[in-house]
file target_6.txt (compact mmCIF, C-alpha atoms and all ligand atoms)
# COMPACT_ATOMS: atom_id res chain seq x y z
CA MET A 204 138.05 -154.34 -55.05
CA VAL A 205 135.03 -156.36 -56.16
CA LEU A 206 135.72 -159.93 -57.24
CA LYS A 207 136.13 -160.25 -61.01
CA LEU A 208 134.79 -163.33 -62.79
CA TYR A 209 135.95 -164.15 -66.32
CA ALA A 210 133.34 -166.51 -67.72
CA VAL A 211 130.87 -167.19 -70.49
CA PRO A 212 127.77 -165.04 -69.93
CA TYR A 213 125.46 -168.01 -69.25
CA PRO A 214 125.33 -170.57 -66.41
CA SER A 215 126.89 -173.60 -68.08
CA ARG A 216 129.70 -176.02 -67.28
CA GLY A 217 132.54 -174.59 -65.16
CA SER A 218 131.23 -171.03 -65.45
CA GLY A 219 127.83 -172.28 -64.24
CA LEU A 220 129.37 -173.78 -61.11
CA VAL A 221 130.99 -170.50 -60.15
CA TYR A 222 127.78 -168.54 -60.88
CA LEU A 223 125.88 -170.94 -58.62
CA LEU A 224 128.44 -170.74 -55.81
CA LEU A 225 128.33 -166.91 -55.99
CA ALA A 226 124.52 -167.03 -55.90
CA GLU A 227 124.41 -169.46 -52.95
CA LYS A 228 126.81 -167.29 -50.94
CA GLN A 229 125.43 -163.98 -52.28
CA ILE A 230 128.93 -162.76 -53.14
CA PRO A 231 129.01 -159.56 -55.23
CA PHE A 232 131.10 -159.83 -58.40
CA GLU A 233 131.84 -158.11 -61.67
CA LEU A 234 131.44 -160.29 -64.76
CA VAL A 235 133.97 -160.03 -67.56
CA ALA A 236 132.23 -161.96 -70.35
CA VAL A 237 134.70 -163.93 -72.47
CA ASP A 238 133.83 -164.52 -76.12
CA LEU A 239 135.01 -168.09 -76.75
CA LYS A 240 134.10 -167.96 -80.46
CA ALA A 241 136.37 -164.93 -80.87
CA LYS A 242 139.09 -166.94 -79.01
CA GLU A 243 139.52 -164.21 -76.40
CA GLN A 244 140.57 -166.97 -74.00
CA LYS A 245 143.67 -167.69 -76.11
CA LYS A 246 144.96 -164.11 -76.14
CA PRO A 247 148.31 -163.56 -74.36
CA GLU A 248 146.75 -161.44 -71.59
CA PHE A 249 144.24 -164.22 -70.84
CA LEU A 250 146.88 -166.98 -71.06
CA ALA A 251 148.86 -165.05 -68.45
CA MET A 252 145.96 -165.80 -66.04
CA HIS A 253 145.05 -169.31 -67.26
CA PRO A 254 147.82 -171.21 -69.06
CA PHE A 255 145.30 -173.52 -70.79
CA GLY A 256 143.23 -170.55 -72.01
CA GLN A 257 139.86 -171.52 -70.57
CA VAL A 258 137.05 -170.05 -68.48
CA PRO A 259 136.20 -169.59 -65.66
CA VAL A 260 138.91 -167.57 -63.94
CA ILE A 261 138.59 -165.27 -60.93
CA ASP A 262 140.67 -162.26 -59.98
CA ASP A 263 140.29 -161.63 -56.26
CA ASP A 264 142.14 -158.35 -55.77
CA GLY A 265 145.05 -159.57 -57.88
CA PHE A 266 144.89 -163.20 -56.72
CA ILE A 267 144.10 -165.34 -59.76
CA VAL A 268 142.43 -168.76 -59.53
CA TYR A 269 141.31 -170.98 -62.43
CA GLU A 270 139.55 -174.39 -62.58
CA SER A 271 135.92 -174.07 -61.53
CA ARG A 272 136.02 -176.56 -58.68
CA ALA A 273 139.18 -174.96 -57.22
CA ILE A 274 137.48 -171.56 -57.47
CA CYS A 275 134.42 -172.92 -55.64
CA ARG A 276 136.55 -174.41 -52.88
CA TYR A 277 138.45 -171.13 -52.48
CA LEU A 278 135.31 -168.99 -52.31
CA ALA A 279 133.44 -171.44 -50.06
CA GLU A 280 136.36 -171.31 -47.64
CA LYS A 281 136.77 -167.53 -47.86
CA TYR A 282 133.04 -166.92 -47.33
CA ALA A 283 132.54 -169.82 -44.91
CA ASP A 284 130.29 -167.78 -42.63
CA GLN A 285 128.11 -166.36 -45.41
CA GLY A 286 125.12 -168.39 -46.65
CA PRO A 287 125.14 -172.21 -46.56
CA SER A 288 128.45 -173.69 -45.40
CA LEU A 289 129.03 -175.90 -48.50
CA PHE A 290 132.51 -176.89 -47.27
CA PRO A 291 132.45 -177.93 -43.59
CA LYS A 292 135.63 -177.53 -41.59
CA GLY A 293 135.37 -180.67 -39.39
CA LEU A 294 137.82 -183.42 -40.40
CA LYS A 295 135.23 -186.13 -41.02
CA GLU A 296 132.59 -183.80 -42.45
CA ARG A 297 135.11 -182.43 -44.93
CA ALA A 298 136.29 -185.95 -45.86
CA MET A 299 132.68 -186.84 -46.71
CA VAL A 300 132.35 -183.76 -48.92
CA GLU A 301 135.66 -184.54 -50.66
CA GLN A 302 134.49 -188.14 -51.12
CA GLY A 303 131.28 -186.95 -52.78
CA ALA A 304 133.19 -184.44 -54.92
CA ALA A 305 135.57 -187.19 -56.04
CA VAL A 306 132.61 -189.41 -56.96
CA GLU A 307 131.29 -186.57 -59.13
CA SER A 308 134.60 -186.15 -60.96
CA ALA A 309 135.54 -189.85 -61.20
CA ASN A 310 132.14 -191.43 -61.92
CA PHE A 311 129.48 -188.90 -62.87
CA GLU A 312 131.37 -186.42 -65.07
CA PRO A 313 133.17 -188.96 -67.36
CA ALA A 314 129.89 -190.81 -68.02
CA ILE A 315 127.90 -187.65 -68.72
CA LEU A 316 130.61 -186.19 -70.98
CA LYS A 317 130.67 -189.40 -73.03
CA LEU A 318 126.93 -189.08 -73.48
CA PHE A 319 127.21 -185.43 -74.56
CA ARG A 320 130.01 -186.23 -77.03
CA GLU A 321 127.85 -188.72 -78.95
CA GLY A 322 124.56 -186.86 -78.40
CA GLY A 323 126.22 -183.63 -79.56
CA LYS A 324 127.14 -185.22 -82.89
CA LYS A 325 123.49 -186.13 -83.41
CA LEU A 326 122.36 -182.56 -82.59
CA ARG A 327 124.93 -181.10 -85.02
CA GLY A 328 123.83 -183.50 -87.80
CA LEU A 329 127.22 -185.29 -87.82
CA PRO A 330 127.64 -189.07 -88.25
CA PHE A 331 126.28 -190.51 -85.04
CA ASP A 332 126.58 -193.99 -83.54
CA GLN A 333 123.40 -195.10 -81.70
CA THR A 334 125.27 -198.02 -80.08
CA VAL A 335 127.91 -195.73 -78.56
CA PHE A 336 125.15 -193.38 -77.38
CA ASP A 337 123.20 -196.27 -75.80
CA GLU A 338 126.36 -197.56 -74.09
CA ALA A 339 127.05 -194.10 -72.66
CA LEU A 340 123.46 -193.87 -71.43
CA ALA A 341 123.76 -197.31 -69.78
CA GLU A 342 127.04 -196.24 -68.16
CA LEU A 343 125.46 -193.11 -66.68
CA SER A 344 122.41 -195.12 -65.61
CA ALA A 345 124.64 -197.53 -63.68
CA VAL A 346 126.31 -194.57 -61.93
CA LEU A 347 122.89 -193.19 -60.95
CA ASP A 348 121.88 -196.61 -59.57
CA VAL A 349 124.85 -196.38 -57.19
CA TYR A 350 123.87 -192.79 -56.32
CA ASP A 351 120.48 -194.12 -55.28
CA VAL A 352 122.20 -196.47 -52.80
CA ILE A 353 124.47 -193.70 -51.44
CA LEU A 354 121.58 -191.26 -51.12
CA GLY A 355 119.64 -193.87 -49.17
CA LYS A 356 122.32 -193.60 -46.46
CA HIS A 357 122.62 -189.83 -46.26
CA LYS A 358 120.54 -186.93 -47.50
CA PHE A 359 123.16 -185.41 -49.77
CA LEU A 360 126.16 -186.80 -51.60
CA GLY A 361 128.66 -185.43 -49.08
CA GLY A 362 126.68 -186.13 -45.90
CA ASP A 363 123.46 -184.78 -44.43
CA GLU A 364 124.05 -181.17 -45.48
CA TYR A 365 124.02 -179.63 -48.96
CA SER A 366 127.65 -179.10 -50.00
CA LEU A 367 130.10 -178.57 -52.85
CA ALA A 368 129.78 -182.30 -53.63
CA ASP A 369 126.16 -181.69 -54.68
CA LEU A 370 126.74 -178.29 -56.28
CA PHE A 371 129.42 -179.69 -58.62
CA HIS A 372 126.70 -181.68 -60.45
CA PHE A 373 125.35 -178.45 -61.91
CA ALA A 374 128.28 -178.25 -64.35
CA HIS A 375 126.65 -180.75 -66.69
CA ALA A 376 123.45 -182.32 -65.38
CA PRO A 377 121.03 -179.47 -66.28
CA ARG A 378 122.23 -179.72 -69.90
CA LEU A 379 120.81 -183.25 -70.17
CA ALA A 380 117.20 -182.04 -70.19
CA GLU A 381 118.16 -179.20 -72.58
CA ASN A 382 119.39 -181.93 -74.95
CA GLY A 383 116.22 -184.00 -74.57
CA ILE A 384 117.78 -186.66 -72.30
CA ASP A 385 115.51 -187.20 -69.28
CA ILE A 386 117.71 -189.63 -67.33
CA MET A 387 117.82 -187.37 -64.23
CA MET A 388 114.03 -187.72 -63.95
CA THR A 389 113.76 -191.46 -64.70
CA LYS A 390 111.59 -193.29 -62.15
CA GLY A 391 112.84 -196.19 -60.02
CA ARG A 392 115.54 -194.36 -58.06
CA PRO A 393 113.58 -192.76 -55.22
CA ASN A 394 116.56 -191.51 -53.22
CA PHE A 395 118.23 -190.10 -56.28
CA THR A 396 115.01 -188.38 -57.44
CA ARG A 397 114.43 -186.83 -54.01
CA TRP A 398 118.01 -185.50 -54.06
CA TRP A 399 117.88 -184.05 -57.57
CA ASN A 400 114.47 -182.45 -56.97
CA GLU A 401 115.78 -180.87 -53.79
CA LEU A 402 118.89 -179.53 -55.54
CA THR A 403 117.03 -178.02 -58.48
CA ALA A 404 114.45 -176.44 -56.15
CA ARG A 405 117.11 -174.45 -54.29
CA PRO A 406 116.36 -170.70 -54.51
CA ALA A 407 119.90 -169.87 -55.69
CA TRP A 408 119.52 -172.17 -58.71
CA ALA A 409 116.00 -170.95 -59.48
CA LYS A 410 117.20 -167.31 -59.31
CA LEU A 411 120.19 -168.02 -61.52
CA MET A 412 117.93 -169.57 -64.15
CA ALA A 413 115.38 -166.75 -63.92
CA ASP A 414 118.10 -164.06 -64.22
CA PHE A 415 119.60 -165.82 -67.23
CA VAL A 416 116.24 -166.13 -68.97
CA LYS A 417 115.57 -162.43 -68.25
CA ARG A 418 119.02 -161.36 -69.55
CA ALA A 419 118.68 -163.46 -72.69
CA GLY A 420 115.24 -161.90 -73.28
CA ASN A 421 113.71 -165.40 -73.48
N1 LIG A 501 137.99 -178.20 -65.92
C1 LIG A 501 137.76 -176.84 -66.34
C2 LIG A 501 137.07 -176.86 -67.68
C3 LIG A 501 137.08 -175.51 -68.29
C4 LIG A 501 136.51 -175.54 -69.71
O1 LIG A 501 136.40 -176.60 -70.34
N2 LIG A 501 136.13 -174.36 -70.20
C5 LIG A 501 135.60 -174.25 -71.52
C6 LIG A 501 134.25 -173.57 -71.54
S1 LIG A 501 133.08 -174.47 -70.67
C7 LIG A 501 136.53 -173.33 -72.33
O2 LIG A 501 137.04 -172.37 -71.82
N3 LIG A 501 136.67 -173.67 -73.60
C8 LIG A 501 137.40 -172.88 -74.52
C9 LIG A 501 138.71 -173.49 -74.89
O3 LIG A 501 139.08 -174.56 -74.36
O4 LIG A 501 139.38 -172.89 -75.75
C10 LIG A 501 136.92 -176.09 -65.29
O5 LIG A 501 136.04 -176.73 -64.72
O6 LIG A 501 137.16 -174.91 -65.04

call {"tool": "encode", "arguments": {"input": "target_6.txt", "output": "structure tokens"}}
result
Amino acid sequence: MVLKLYAVPYPSRGSGLVYLLLAEKQIPFELVAVDLKAKEQKKPEFLAMHPFGQVPVIDDDGFIVYESRAICRYLAEKYADQGPSLFPKGLKERAMVEQGAAVESANFEPAILKLFREGGKKLRGLPFDQTVFDEALAELSAVLDVYDVILGKHKFLGGDEYSLADLFHFAHAPRLAENGIDIMMTKGRPNFTRWWNELTARPAWAKLMADFVKRAGN
């Protein structure tokens, strides 16, 4: 049975990570688009799969997995020999990938989400605090400064090969530019810039974007 993916029908946040992993590994899947506005994710049949009522979720021949990063780890392991490795098996290589993935979830994601929370208020015309926004921007900037140091030591965040540690950044980072925040392109961090340019130039990401634009009729 073909893998079923329950997700929003656009490559954003957790759903975006799984779309990208599937594209990198060229894994066939059937999309079940979940309408979040209609609260389909809170219906009893959905809650039976994901107790928090969120997307993405996969159904792999009856085996249910939720949480985007757990789904990516599962699929990267299952399809280890298909496409780029993303999740090396060697003890030290895997520790490096897990280290990079932990950096993304402990340092990068909290800072970027803080920025979106305040920036989102501005976009929606709600009361908005410039100081909080500036602080969040400074916090993310400081994280990227450290990334520049790390990426001066190895090519990618989890070692010298592209891996899940890098891919996990696609949950939120592309939305910065969409919201008019150009911090990922700011000059002065040469290692970081090289890394981000390389990631966004990957064919799987480019194809995902092109397919989405085509589907949306943009
Ligand atoms: N940590 C989760 C986050 C999942 C998440 O926040 N999903 C959002 C959409 S991006 C959702 O389903 N929101 C609807 C809701 O919470 O009711 C993951 O990465 O899978």

call {"tool": "closest_residue", "arguments": {"input": "target_6.txt", "among": "A:Lys245, A:Arg378, A:Arg392, A:Lys358", "to": "ligand LIG 501 (chain A)", "atoms": "all atoms listed in the file"}}
result
A:Lys245

call {"tool": "atom_distance", "arguments": {"input": "target_6.txt", "atom1": "atom CA of A:Lys325", "atom2": "atom CA of A:Leu402"}}
result
29.0 Å

call {"tool": "atom_distance", "arguments": {"input": "target_6.txt", "atom1": "atom CA of A:Gly265", "atom2": "atom CA of A:Val221"}}
result
18.0 Å

call {"tool": "residues_near_ligand", "arguments": {"input": "target_6.txt", "ligand": "ligand LIG 501 (chain A)", "cutoff": "8 Å", "atoms": "only C-alpha atoms and all ligand atoms", "output": "MDAnalysis selection string"}}
result
chainID A and resid 211 215:218 239 242 244:245 255:260 269:272 374

call {"tool": "write_last_selection", "arguments": {"input": "target_6.txt", "atoms": "C-alpha atoms", "output": "compact mmCIF listing (two decimals), in the coordinates of the input"}}
result
# COMPACT_ATOMS: atom_id res chain seq x y z
CA VAL A 211 130.87 -167.19 -70.49
CA SER A 215 126.89 -173.60 -68.08
CA ARG A 216 129.70 -176.02 -67.28
CA GLY A 217 132.54 -174.59 -65.16
CA SER A 218 131.23 -171.03 -65.45
CA LEU A 239 135.01 -168.09 -76.75
CA LYS A 242 139.09 -166.94 -79.01
CA GLN A 244 140.57 -166.97 -74.00
CA LYS A 245 143.67 -167.69 -76.11
CA PHE A 255 145.30 -173.52 -70.79
CA GLY A 256 143.23 -170.55 -72.01
CA GLN A 257 139.86 -171.52 -70.57
CA VAL A 258 137.05 -170.05 -68.48
CA PRO A 259 136.20 -169.59 -65.66
CA VAL A 260 138.91 -167.57 -63.94
CA TYR A 269 141.31 -170.98 -62.43
CA GLU A 270 139.55 -174.39 -62.58
CA SER A 271 135.92 -174.07 -61.53
CA ARG A 272 136.02 -176.56 -58.68
CA ALA A 374 128.28 -178.25 -64.35

call {"tool": "closest_residue", "arguments": {"input": "target_6.txt", "among": "A:Leu316, A:Leu294, A:Tyr222, A:Tyr209", "to": "A:Phe415", "atoms": "only C-alpha atoms"}}
result
A:Tyr222

call {"tool": "residues_around", "arguments": {"input": "target_6.txt", "residues": "stretch 299-308 of chain A", "least_positions_apart": "4", "cutoff": "7 Å", "atoms": "all atoms listed in the file", "output": "ChimeraX atom specification"}}
result
/A:295,312,360-362,366-368,372

call {"tool": "residues_near_point", "arguments": {"input": "target_6.txt", "point": "(122.9, -195.1, -69.5)", "cutoff": "12 Å", "atoms": "only C-alpha atoms", "output": "list in words"}}
result
Phe311, Ala314, Ile315, Leu316, Lys317, Leu318, Phe319, Thr334, Val335, Phe336, Asp337, Glu338, Ala339, Leu340, Ala341, Glu342, Leu343, Ser344, Ala345, Val346, Leu347, Asp348, Ile384, Asp385, Ile386, Met387 and Thr389 of chain A

call {"tool": "atom_distance", "arguments": {"input": "target_6.txt", "atom1": "atom CA of A:Phe290", "atom2": "atom CA of A:Asn400"}}
result
21.2 Å

call {"tool": "closest_residue", "arguments": {"input": "target_6.txt", "among": "A:Ala309, A:Val205, A:Leu225, A:Leu234", "to": "A:Asp263", "atoms": "all atoms listed in the file"}}
result
A:Val205

call {"tool": "axis_aligned_box", "arguments": {"input": "target_6.txt", "around": "stretch 390-406 of chain A", "padding_each_side": "5 Å", "output": "lines of an AutoDock Vina configuration file"}}
result
center_x = 115.2
center_y = -183.4
center_z = -57.7
size_x = 17.3
size_y = 35.5
size_z = 18.9

call {"tool": "closest_residue", "arguments": {"input": "target_6.txt", "among": "A:Ile274, A:Ile261, A:Leu223, A:Ala251", "to": "A:Asp414", "atoms": "all atoms listed in the file"}}
result
A:Leu223

call {"tool": "residues_around", "arguments": {"input": "target_6.txt", "residues": "A:Met388", "least_positions_apart": "6", "cutoff": "12 Å", "atoms": "all atoms listed in the file", "output": "CSV table (one decimal) with C-alpha atoms, in the frame of the given file"}}
result
chain,number,residue,atom,x,y,z
A,344,SER,CA,122.4,-195.1,-65.6
A,347,LEU,CA,122.9,-193.2,-61.0
A,376,ALA,CA,123.4,-182.3,-65.4
A,377,PRO,CA,121.0,-179.5,-66.3
A,379,LEU,CA,120.8,-183.2,-70.2
A,380,ALA,CA,117.2,-182.0,-70.2
A,394,ASN,CA,116.6,-191.5,-53.2
A,395,PHE,CA,118.2,-190.1,-56.3
A,396,THR,CA,115.0,-188.4,-57.4
A,397,ARG,CA,114.4,-186.8,-54.0
A,398,TRP,CA,118.0,-185.5,-54.1
A,399,TRP,CA,117.9,-184.0,-57.6
A,400,ASN,CA,114.5,-182.4,-57.0
A,403,THR,CA,117.0,-178.0,-58.5

call {"tool": "closest_residue", "arguments": {"input": "target_6.txt", "among": "A:Asp332, A:Met412, A:Gly355, A:Arg276", "to": "A:Leu289", "atoms": "only C-alpha atoms"}}
result
A:Arg276

call {"tool": "closest_residue", "arguments": {"input": "target_6.txt", "among": "A:Ser288, A:Leu206, A:Gln333, A:Arg405", "to": "A:Phe266", "atoms": "only C-alpha atoms"}}
result
A:Leu206
